[in-house]
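One structure below.
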Amino acid sequence: MRNAWTLTKVRMRLALRNRAFIFFSLIFPLIFLFLMIGLLARRNVVAVPYALASVLAITVMGSFWGLSIQLVTFREQGILRRFRVAPVGPGAMLASSILSNYILTLPTVAIEFELARRIFHMSQWGNLGGVFLLITLGIITFASLGLIIASVTNSTQETQVINQILWSAFLFLSGATLPLPMLPVWLQHFALFLPATYLVTGLERVMVGRVGVTQVGAEIVALIVSAGMAFFLSQQLFRWEPEAKVGPRAKALAAAAIVPFLLLGLWETAHGNLRSAARTDFLSIERAAPAERVTPLLPAR
Amino acid sequence: MSAPIIEVHNLTKSYGAVQALRGVSFDVEEGEVFGLLGPNGAGKTSTVEILEGLRPADGGIVSVCGLDPQTPGATFKQEIGAVLQATALPDKIRVGEAISMFASFYKRRRDPAALLKRFGLEEKRSTFYSHLSGGQKQRLALAMSLVNEPRVLFLDEPTAGLDPQVRREIYTIIEELKKERKTILLTTHYIEEAEKLCDHVAIVDKGRVIAQGTPRELKQRSAGTTRIEMRLARPESDAALKQLEGVADCHASDGVYVVHSTRVPQTIVSLVKYLEANGNELSSLDIAAPSLEDVFLELTGRSLRD
């Protein structure tokens, strides 16, 4: 535990000295904030929390990108080897990655809230406890996913390709950029198999619908299962050495990472109300849209 | 007499079809500097990485401080210090942060500030790792390897790629550690390093220990021969020089002929006669006592640098 905390402090210092980290963790989400509010909440103050929920989700999901690249780079450069000859285990290495990322993401979240309030006149905060819980679980889930990716890829380039594919899916198919109800129905069903969808809809519901934590139980359980499974797998798959081969067991475990998402997607398809809840939240901001907008954004059901 | 602090018996290791270690055996006593000397690819790094717990062995028995290096948990790592063949740290970590961070991982630890002072890095305390020179990085690696007061210190090619001045600085540090009776296992392909620093040397080639002993003992193996190094005005064949009186062996490298002779005066006389007869002449000639290089040459028929 002490090792994890020491590493967390060092990782935070390293991150704050890295210009790319500052850009992608602070500037990039703020660009999204202005873009999303411009697109979804222009002259519609009621829609600001909806747009902010998307931006918060994008901020949280960004964890998987930075951490996977950092871990692969450390492994490629032989930095992990030096830690390996010290009494430091994979658990401390991974926990410190997630914890430092969590601590460094919270100020960005706070800035996003503050800008939404001051510049875009957001008057209601939603259920802040629920927001905090979803953000916490989201960071653990997406950071752990990044660490799994880092464990099964062999180079920075390979990691970037896989990250790009996953990032695009998370960004465009989860409701983070295009609201879920605006997607074709078959894509909405596909989105139920993505962890990102549970984060986005969970945040929308606690911020727009102002529902309690119990009412986003499905989303929270989905993220807890995903976070636990992803962290466990990232520990099992951790590789210190660049030349260490990804064995059949590791490949099987990496493939197993998608099992909880498959189960969640199947359960949500059969019993869940995530799609209808997303539609309700979206309609509530549509109704509050200014009168001059003549074409509804949402297609007929 | 106490048990050796490092025991290696019949160690084997393969990487796919390549057999890197073919039954390596040696013991290291507490307080000695033990050198694994051999050319690149001889199996030195594989051996030391197995001893550090970085790689599992395929076969054989290995013990360091009475522990199996593959022992799970932190117990084994608390006992050792290591300078890897290539130590790397994040570019943006400061020297002081790096050594304090590593110190915090251990139960038994030395004062990081005192170590930085000892290794001449006191003024570099706030410098980013990426801004250090090669020698400074290596000194930091050495300082970090001592941060837990290790019982055994592994130094894998600690001076490889460093310029001669920095290499001498590292030698001074290792000599100081030797005076403190620190147990050190050192790998190197520099003859000078092994002769100067090691109490015992194991010569490794193609995954096997082909000779071991003190540097003096090993050189005595060549005691029957004397090394004659010469340059000639025109090239001669090794085979022709081997025919000269008293010559046990002859190799040429970069225009330098190294002849091992059992009867030096006779060899020189016959050499001069031979060169005169063939219209050739000597450009330079040196006579020296045999080195570990000569031992390696005798045992393998190759130079360490081949």
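Scheme for the structure tokens: letters A, B, ... for chains in order shown; per-chain residue numbers from 1; ligand numbers from 1 in order shown.
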Subject >> Residue list for chain B near chain A as a VMD selection string, 9 Å, only C-alpha atoms >> reply: chain B and resid 52 to 54 73 to 78 80 to 84 86 to 93 97 to 98 101 to 102 104 to 106
Given the selection you just returned, output its residues as a file containing C-alpha atoms, formatted as an mmCIF file, in the first residue's frame.
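Ended up saving to out_16.cif:
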```cif
data_model
loop_
_atom_site.group_PDB
_atom_site.id
_atom_site.type_symbol
_atom_site.label_atom_id
_atom_site.label_comp_id
_atom_site.auth_asym_id
_atom_site.auth_seq_id
_atom_site.Cartn_x
_atom_site.Cartn_y
_atom_site.Cartn_z
ATOM 1 C CA GLU B 52 18.281 -11.341 -9.928
ATOM 2 C CA GLY B 53 14.938 -13.122 -10.313
ATOM 3 C CA LEU B 54 14.202 -11.436 -13.647
ATOM 4 C CA GLY B 73 6.962 -11.648 -2.639
ATOM 5 C CA ALA B 74 9.455 -9.033 -1.600
ATOM 6 C CA THR B 75 11.776 -11.005 0.742
ATOM 7 C CA PHE B 76 14.353 -11.856 -1.915
ATOM 8 C CA LYS B 77 14.361 -8.386 -3.451
ATOM 9 C CA GLN B 78 14.975 -6.790 -0.062
ATOM 10 C CA ILE B 80 19.757 -7.631 -3.448
ATOM 11 C CA GLY B 81 20.813 -4.562 -5.353
ATOM 12 C CA ALA B 82 21.188 -4.454 -9.116
ATOM 13 C CA VAL B 83 22.616 -2.334 -11.882
ATOM 14 C CA LEU B 84 20.977 -3.704 -15.011
ATOM 15 C CA ALA B 86 20.597 -0.820 -19.378
ATOM 16 C CA THR B 87 19.000 1.123 -16.542
ATOM 17 C CA ALA B 88 16.192 3.408 -17.615
ATOM 18 C CA LEU B 89 14.037 5.797 -15.644
ATOM 19 C CA PRO B 90 11.314 8.218 -16.751
ATOM 20 C CA ASP B 91 12.858 11.241 -18.489
ATOM 21 C CA LYS B 92 11.102 13.780 -16.270
ATOM 22 C CA ILE B 93 11.971 12.268 -12.907
ATOM 23 C CA GLU B 97 13.019 11.910 -6.492
ATOM 24 C CA ALA B 98 14.271 8.738 -8.166
ATOM 25 C CA MET B 101 11.384 6.709 -4.354
ATOM 26 C CA PHE B 102 13.520 3.560 -4.593
ATOM 27 C CA SER B 104 11.048 4.056 0.163
ATOM 28 C CA PHE B 105 10.439 0.558 -1.244
ATOM 29 C CA TYR B 106 12.842 -1.106 1.210
#
```
**OP:** Quick one: everything within 8 Å of Ser25 in chain A, counting only C-alpha atoms, minus sequence neighbours fewer than 6 positions away in the same chain. Send it as a list in words.
**Re:** Thr59, Gly62, Thr105 and Thr108 of chain A
Mind writing the picked residues with C-alpha atoms as an mmCIF file, in the first residue's frame?
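Final output, again.cif:
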```cif
data_model
loop_
_atom_site.group_PDB
_atom_site.id
_atom_site.type_symbol
_atom_site.label_atom_id
_atom_site.label_comp_id
_atom_site.auth_asym_id
_atom_site.auth_seq_id
_atom_site.Cartn_x
_atom_site.Cartn_y
_atom_site.Cartn_z
ATOM 1 C CA THR A 59 -12.952 13.198 -19.649
ATOM 2 C CA GLY A 62 -9.704 9.461 -21.666
ATOM 3 C CA THR A 105 -8.852 13.994 -13.318
ATOM 4 C CA THR A 108 -10.583 18.855 -14.629
#
```
Original post:
Skipping near chain neighbours, those fewer than 5 positions away, what residues fall within 12 Å of Leu187 in chain A using only C-alpha atoms, listed as a PyMOL selection string?
Top reply: chain A and resi 169+172-175+178-182+192-194+197+275
Put those residues in a file: N, CA and C atoms, as a PDB file, in the first residue's frame.
```
ATOM      1  N   ALA A 169     -15.158   3.901 -30.867  1.00  0.00           N
ATOM      2  CA  ALA A 169     -16.406   3.225 -30.470  1.00  0.00           C
ATOM      3  C   ALA A 169     -16.987   3.883 -29.219  1.00  0.00           C
ATOM      4  N   PHE A 172     -18.303   7.584 -30.212  1.00  0.00           N
ATOM      5  CA  PHE A 172     -19.421   7.801 -31.136  1.00  0.00           C
ATOM      6  C   PHE A 172     -20.596   6.841 -30.943  1.00  0.00           C
ATOM      7  N   LEU A 173     -20.371   5.734 -30.240  1.00  0.00           N
ATOM      8  CA  LEU A 173     -21.454   4.751 -30.137  1.00  0.00           C
ATOM      9  C   LEU A 173     -22.050   4.652 -28.739  1.00  0.00           C
ATOM     10  N   SER A 174     -21.528   5.425 -27.799  1.00  0.00           N
ATOM     11  CA  SER A 174     -22.000   5.284 -26.416  1.00  0.00           C
ATOM     12  C   SER A 174     -22.965   6.388 -26.025  1.00  0.00           C
ATOM     13  N   GLY A 175     -23.137   7.354 -26.898  1.00  0.00           N
ATOM     14  CA  GLY A 175     -23.952   8.507 -26.548  1.00  0.00           C
ATOM     15  C   GLY A 175     -23.129   9.670 -26.039  1.00  0.00           C
ATOM     16  N   LEU A 178     -22.722  11.707 -29.893  1.00  0.00           N
ATOM     17  CA  LEU A 178     -24.058  11.703 -30.491  1.00  0.00           C
ATOM     18  C   LEU A 178     -25.000  11.089 -29.454  1.00  0.00           C
ATOM     19  N   PRO A 179     -26.032  11.835 -29.026  1.00  0.00           N
ATOM     20  CA  PRO A 179     -26.921  11.254 -28.007  1.00  0.00           C
ATOM     21  C   PRO A 179     -27.452   9.884 -28.440  1.00  0.00           C
ATOM     22  N   LEU A 180     -27.476   8.965 -27.500  1.00  0.00           N
ATOM     23  CA  LEU A 180     -27.871   7.583 -27.800  1.00  0.00           C
ATOM     24  C   LEU A 180     -29.199   7.502 -28.565  1.00  0.00           C
ATOM     25  N   PRO A 181     -30.237   8.277 -28.170  1.00  0.00           N
ATOM     26  CA  PRO A 181     -31.516   8.154 -28.881  1.00  0.00           C
ATOM     27  C   PRO A 181     -31.439   8.600 -30.343  1.00  0.00           C
ATOM     28  N   MET A 182     -30.382   9.344 -30.707  1.00  0.00           N
ATOM     29  CA  MET A 182     -30.249   9.794 -32.100  1.00  0.00           C
ATOM     30  C   MET A 182     -29.637   8.716 -32.990  1.00  0.00           C
ATOM     31  N   LEU A 192     -25.280  -1.095 -26.028  1.00  0.00           N
ATOM     32  CA  LEU A 192     -25.523  -1.708 -24.712  1.00  0.00           C
ATOM     33  C   LEU A 192     -24.399  -2.664 -24.313  1.00  0.00           C
ATOM     34  N   PHE A 193     -23.553  -3.018 -25.268  1.00  0.00           N
ATOM     35  CA  PHE A 193     -22.428  -3.915 -24.963  1.00  0.00           C
ATOM     36  C   PHE A 193     -21.139  -3.143 -24.652  1.00  0.00           C
ATOM     37  N   LEU A 194     -21.230  -1.810 -24.657  1.00  0.00           N
ATOM     38  CA  LEU A 194     -20.032  -0.988 -24.389  1.00  0.00           C
ATOM     39  C   LEU A 194     -20.084  -0.438 -22.961  1.00  0.00           C
ATOM     40  N   THR A 197     -21.278   3.247 -22.545  1.00  0.00           N
ATOM     41  CA  THR A 197     -22.694   3.602 -22.593  1.00  0.00           C
ATOM     42  C   THR A 197     -23.271   3.718 -21.176  1.00  0.00           C
ATOM     43  N   ARG A 275     -32.171   2.318 -22.537  1.00  0.00           N
ATOM     44  CA  ARG A 275     -32.471   3.062 -23.770  1.00  0.00           C
ATOM     45  C   ARG A 275     -33.649   4.010 -23.549  1.00  0.00           C
TER      46      ARG A 275
END
```
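CA of Val55 in chain A is found 7.2 Å from CA of Ala176 in chain A.
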**OP:** List every residue of range 95-161 of chain A that DSSP, applied to the backbone of this structure, places in helix (DSSP H, G or I), and write the result as a VMD selection string.
**Re:** chain A and resid 95 to 118 128 to 152 156 to 161
**OP:** Find the residues around Thr300 in chain B up to 10 Å (only C-alpha atoms counted), leave out those fewer than 6 positions away in its own chain, and share them as a ChimeraX atom specification.
**Re:** /B:205-206,210,294
Output C-alpha atoms for every residue in that selection, as a short mmCIF file (atom, residue, chain, number, x, y, z; two decimals), in the first residue's frame.
```cif
data_model
loop_
_atom_site.label_atom_id
_atom_site.label_comp_id
_atom_site.auth_asym_id
_atom_site.auth_seq_id
_atom_site.Cartn_x
_atom_site.Cartn_y
_atom_site.Cartn_z
CA ASP B 205 31.79 -18.95 -23.42
CA LYS B 206 28.83 -20.32 -25.37
CA ILE B 210 35.28 -22.84 -19.35
CA ASP B 294 45.40 -14.93 -23.55
#
```
Original post:
Within 12 Å of range 251-258 of chain A, counting only C-alpha atoms, which residues qualify if same-chain residues fewer than 4 places away don't, as a PyMOL selection string?
Top reply: chain A and resi 141+144-153+193-195+225-238+245-247+262-265
Requested write-out: C-alpha atoms of the selected residues, as a PDB file, in the first residue's frame:
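What follows is the written file selection23.pdb:
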```
ATOM      1  CA  THR A 141     -12.945   0.903 -15.262  1.00  0.00           C
ATOM      2  CA  SER A 144      -7.965  -0.687 -15.980  1.00  0.00           C
ATOM      3  CA  LEU A 145      -9.105  -1.300 -19.555  1.00  0.00           C
ATOM      4  CA  GLY A 146      -6.149   0.775 -20.709  1.00  0.00           C
ATOM      5  CA  LEU A 147      -3.832  -1.323 -18.563  1.00  0.00           C
ATOM      6  CA  ILE A 148      -5.260  -4.519 -20.090  1.00  0.00           C
ATOM      7  CA  ILE A 149      -4.609  -3.138 -23.566  1.00  0.00           C
ATOM      8  CA  ALA A 150      -1.048  -2.270 -22.522  1.00  0.00           C
ATOM      9  CA  SER A 151      -0.509  -5.828 -21.338  1.00  0.00           C
ATOM     10  CA  VAL A 152      -1.556  -7.494 -24.578  1.00  0.00           C
ATOM     11  CA  THR A 153       0.115  -5.118 -27.024  1.00  0.00           C
ATOM     12  CA  PHE A 193     -22.428  -3.915 -24.963  1.00  0.00           C
ATOM     13  CA  LEU A 194     -20.032  -0.988 -24.389  1.00  0.00           C
ATOM     14  CA  PRO A 195     -19.001   0.014 -20.845  1.00  0.00           C
ATOM     15  CA  VAL A 225     -18.323  -5.351 -12.336  1.00  0.00           C
ATOM     16  CA  SER A 226     -16.335  -3.836 -15.199  1.00  0.00           C
ATOM     17  CA  ALA A 227     -13.909  -2.045 -12.855  1.00  0.00           C
ATOM     18  CA  GLY A 228     -13.327  -5.126 -10.666  1.00  0.00           C
ATOM     19  CA  MET A 229     -12.924  -7.470 -13.604  1.00  0.00           C
ATOM     20  CA  ALA A 230     -10.714  -5.075 -15.568  1.00  0.00           C
ATOM     21  CA  PHE A 231      -8.402  -4.414 -12.577  1.00  0.00           C
ATOM     22  CA  PHE A 232      -8.143  -8.131 -11.766  1.00  0.00           C
ATOM     23  CA  LEU A 233      -7.327  -8.950 -15.393  1.00  0.00           C
ATOM     24  CA  SER A 234      -4.830  -6.117 -15.728  1.00  0.00           C
ATOM     25  CA  GLN A 235      -2.947  -7.571 -12.724  1.00  0.00           C
ATOM     26  CA  GLN A 236      -3.023 -11.066 -14.170  1.00  0.00           C
ATOM     27  CA  LEU A 237      -1.842  -9.895 -17.576  1.00  0.00           C
ATOM     28  CA  PHE A 238       0.822  -7.459 -16.391  1.00  0.00           C
ATOM     29  CA  LYS A 245       5.440 -13.157 -24.899  1.00  0.00           C
ATOM     30  CA  VAL A 246       1.685 -12.811 -24.562  1.00  0.00           C
ATOM     31  CA  GLY A 247       0.894 -16.455 -23.775  1.00  0.00           C
ATOM     32  CA  LEU A 262     -21.494  -9.227 -23.182  1.00  0.00           C
ATOM     33  CA  LEU A 263     -23.516 -10.376 -20.189  1.00  0.00           C
ATOM     34  CA  LEU A 264     -24.460  -6.806 -19.289  1.00  0.00           C
ATOM     35  CA  GLY A 265     -25.498  -6.088 -22.865  1.00  0.00           C
TER      36      GLY A 265
END
```
